[in-house]
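Note sheet for the following structure.
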Amino acid sequence: MDNLYINYDKQWLDFSNGKTGYYLNSTVFRFLSVSALLRQLESEALLLDPTIASKQDFTFLSFVAALQWVMTDVALFDGLPYDPFDERDHFFSDHLRSYSRCCLEGDRLLTYDEFAAGPATTSEPAPVFAFFSGLHRDEDRLRWDRMVAMHLLLMAFLNVFGYKRQQCKAEAFRYAGSMVQNPSVLVNLVKWLPRHDLATSKAIQQMVDNITPYIPTGSNVNPDGWR
């Protein structure tokens with residue numbers, strides 16, 4: 001996403017003569033790899049015993065649910081003109097689970113080379129390629145903002161569960177927040193996080209604090225009260 005913020009206007013995500021280039025292929029591959037990992041966690045249907053599970057265990061599963069939600073729920077676009085029955089700037093949940101299967105061989109994630117030589121040449125991930133093809137910050141669509149919202153959640157997730165080298169600083173959250181074209185998407189994201197039991201997460205609080213300058217005044221989102 002950081003790379004896309006810099007290069008979105010270079011048309012690297014466009015189809016060229018009906019063929020996909022490396023940038024589009026690798027973007028779709030990375031997205032589907034994350035989706036496949038989320039699907040694996042979901043399909044395991046782990047039941048945590050609250051008497052032995054740690055708070056971090058529940059926070060981890062809450063992030064998994066939120067990352068699935070941010071790509072599939074039209075509630076992210078509340079207040080904006082959008083047809084919820086048209087899989088244009090979101091994915092239907094079961095469809096996304098199905099698309100993510102093309103990055104798996106059994107329980108193993110495919111490598112990029114395996115994906116590019118196999119599934120990427122078939123019609124199976126075509127709707128995902130269509131979602132990312134031509135993705136542009138200045139377009140008259142909402143998919144860009146959905147990806148920014150996912151990026152914000154991923155950064156917060158990495159600040160809890162990632163390696164030290166993956167830690168995201170305040171300026172990274174502020175920069176991503178500045179990329180949003182429709183500020184109401186940030187409003188909807190913040191409003192929904194408590195429903196995923198993430199309102200008390202320190203990393204989520206950091207995220208909210210740093211995107212607050214991009215949340216419109218009078219939007220009824222008060223980060224301090226929200227916490």
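Identifiers for the structure tokens are assigned positionally: chains receive A, B, ... in sequence, residues are indexed from 1 per chain, and ligands are indexed from 1 in the order shown.
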Contact table region 103-157 of chain A vs region 168-184 of chain A, cut-off 10 Å, shortest pair per residue, only C-alpha atoms, as JSON lines:
{"residue": "A:Arg137", "atom": "CA", "partner": "A:Gln181", "partner_atom": "CA", "distance": 7.3}
{"residue": "A:Asp138", "atom": "CA", "partner": "A:Gln181", "partner_atom": "CA", "distance": 7.7}
{"residue": "A:Glu139", "atom": "CA", "partner": "A:Gln181", "partner_atom": "CA", "distance": 9.4}
{"residue": "A:Asp140", "atom": "CA", "partner": "A:Gln181", "partner_atom": "CA", "distance": 9.7}
{"residue": "A:Arg141", "atom": "CA", "partner": "A:Gln181", "partner_atom": "CA", "distance": 9.6}
{"residue": "A:Leu142", "atom": "CA", "partner": "A:Asn182", "partner_atom": "CA", "distance": 7.9}
{"residue": "A:Trp144", "atom": "CA", "partner": "A:Val180", "partner_atom": "CA", "distance": 7.6}
{"residue": "A:Asp145", "atom": "CA", "partner": "A:Val180", "partner_atom": "CA", "distance": 5.4}
{"residue": "A:Arg146", "atom": "CA", "partner": "A:Val180", "partner_atom": "CA", "distance": 8.8}
{"residue": "A:Met147", "atom": "CA", "partner": "A:Val180", "partner_atom": "CA", "distance": 9.3}
{"residue": "A:Val148", "atom": "CA", "partner": "A:Ala176", "partner_atom": "CA", "distance": 6.5}
{"residue": "A:Ala149", "atom": "CA", "partner": "A:Val180", "partner_atom": "CA", "distance": 8.3}
{"residue": "A:His151", "atom": "CA", "partner": "A:Ala176", "partner_atom": "CA", "distance": 7.6}
{"residue": "A:Leu152", "atom": "CA", "partner": "A:Phe173", "partner_atom": "CA", "distance": 6.6}
{"residue": "A:Leu153", "atom": "CA", "partner": "A:Phe173", "partner_atom": "CA", "distance": 9.7}
{"residue": "A:Leu154", "atom": "CA", "partner": "A:Cys168", "partner_atom": "CA", "distance": 9.8}
{"residue": "A:Met155", "atom": "CA", "partner": "A:Cys168", "partner_atom": "CA", "distance": 6.1}
{"residue": "A:Ala156", "atom": "CA", "partner": "A:Cys168", "partner_atom": "CA", "distance": 7.6}
{"residue": "A:Phe157", "atom": "CA", "partner": "A:Cys168", "partner_atom": "CA", "distance": 9.7}
If you count only C-alpha atoms, which residues fall within 7 Å of region 89-105 of chain A, apart from same-chain ones fewer than 4 positions away, as a short mmCIF file (atom, residue, chain, number, x, y, z; two decimals) with N, CA, C and O atoms, in the first residue's frame?
data_model
loop_
_atom_site.label_atom_id
_atom_site.label_comp_id
_atom_site.auth_asym_id
_atom_site.auth_seq_id
_atom_site.Cartn_x
_atom_site.Cartn_y
_atom_site.Cartn_z
N LEU A 32 -4.72 -11.81 -1.98
CA LEU A 32 -5.35 -13.13 -1.83
C LEU A 32 -4.60 -14.00 -0.82
O LEU A 32 -5.22 -14.84 -0.16
N SER A 33 -3.31 -13.80 -0.67
CA SER A 33 -2.55 -14.55 0.34
C SER A 33 -3.02 -14.18 1.74
O SER A 33 -3.21 -15.05 2.59
N SER A 35 -5.99 -12.93 2.42
CA SER A 35 -7.36 -13.45 2.52
C SER A 35 -7.36 -14.94 2.79
O SER A 35 -8.20 -15.45 3.54
N ALA A 36 -6.43 -15.67 2.18
CA ALA A 36 -6.34 -17.12 2.39
C ALA A 36 -5.96 -17.44 3.83
O ALA A 36 -6.49 -18.37 4.43
N ARG A 39 -8.93 -16.93 5.92
CA ARG A 39 -9.88 -18.02 5.70
C ARG A 39 -9.45 -19.27 6.47
O ARG A 39 -10.28 -19.98 7.04
N MET A 71 -13.17 -5.65 4.17
CA MET A 71 -13.18 -5.88 2.73
C MET A 71 -14.54 -6.33 2.21
O MET A 71 -14.75 -6.38 1.00
N THR A 72 -15.46 -6.62 3.11
CA THR A 72 -16.72 -7.23 2.66
C THR A 72 -17.98 -6.48 3.06
O THR A 72 -19.03 -6.69 2.44
N VAL A 74 -20.60 -3.51 3.43
CA VAL A 74 -20.96 -2.23 2.81
C VAL A 74 -21.20 -1.15 3.87
O VAL A 74 -21.34 0.02 3.53
N LEU A 109 0.27 -22.17 1.32
CA LEU A 109 0.14 -21.01 0.45
C LEU A 109 1.03 -21.16 -0.77
O LEU A 109 2.19 -21.58 -0.66
N LEU A 110 0.50 -20.84 -1.93
CA LEU A 110 1.30 -20.86 -3.14
C LEU A 110 2.36 -19.77 -3.11
O LEU A 110 2.20 -18.74 -2.45
N PHE A 115 1.49 -18.97 -8.34
CA PHE A 115 0.24 -18.25 -8.59
C PHE A 115 0.23 -17.66 -10.00
O PHE A 115 -0.77 -17.78 -10.72
N PRO A 119 -3.14 -20.14 -11.13
CA PRO A 119 -4.43 -19.48 -10.93
C PRO A 119 -4.59 -18.14 -11.65
O PRO A 119 -5.67 -17.81 -12.13
N GLU A 124 -10.68 -18.05 -12.29
CA GLU A 124 -11.05 -18.15 -10.87
C GLU A 124 -10.86 -16.83 -10.11
O GLU A 124 -11.77 -16.38 -9.41
N PRO A 125 -9.68 -16.19 -10.22
CA PRO A 125 -9.52 -14.93 -9.47
C PRO A 125 -9.89 -13.69 -10.29
O PRO A 125 -9.55 -12.58 -9.88
N PHE A 131 -11.29 -6.02 -9.48
CA PHE A 131 -11.34 -5.07 -8.36
C PHE A 131 -10.11 -4.18 -8.36
O PHE A 131 -10.20 -2.96 -8.13
N LEU A 142 -15.20 3.85 -4.80
CA LEU A 142 -14.93 3.79 -3.37
C LEU A 142 -13.91 2.72 -3.00
O LEU A 142 -13.53 2.60 -1.82
N ARG A 143 -13.44 1.95 -3.97
CA ARG A 143 -12.55 0.83 -3.64
C ARG A 143 -11.21 1.30 -3.07
O ARG A 143 -10.60 0.62 -2.24
#
Would you return as a PyMOL selection string the members of region 4-203 of chain A that DSSP assigns to alpha helix (DSSP H) on this structure's backbone? chain A and resi 4-7+22-44+55-72+93-100+112-117+126-132+143-161+170-178+184-192+202-203
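You can rank A:Tyr112, A:Asp2, A:Ser62, A:Phe77 by their closest distance to Tyr22 (chain A) using only C-alpha atoms, and at the top of that list sits A:Tyr112.
Checking A:Asp14, A:Asp78, A:Asp107, A:Asp209 one by one against Gln40 (chain A), counting only C-alpha atoms, you find the shortest gap at A:Asp107.
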Enumerate as number ranges by chain all residues of region 60-191 of chain A assigned to strand (DSSP E) by DSSP on the backbone, naming them with the chain letters and numbers the document uses. A: 104-105, 108-109
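Distances to Asp57 (chain A) were evaluated for A:Tyr82, A:Phe161, A:Phe31, A:Phe15 using only C-alpha atoms, and the minimum falls at A:Phe161.
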Need the shell around Ser133 (chain A): protein/DNA/RNA residues with any atom at most 10 Å away, counting only C-alpha atoms. Skip same-chain ones fewer than 4 positions apart. Format as a list in words? Gln11, Trp12, Leu13, Asp14, Phe15, Thr20, Leu24, Asn25, Thr27, Val28, Pro127, Val128 and Phe129 of chain A
So what do you get for CA of Asn210 (chain A) versus CA of Asn159 (chain A), distance-wise? 14.1 Å
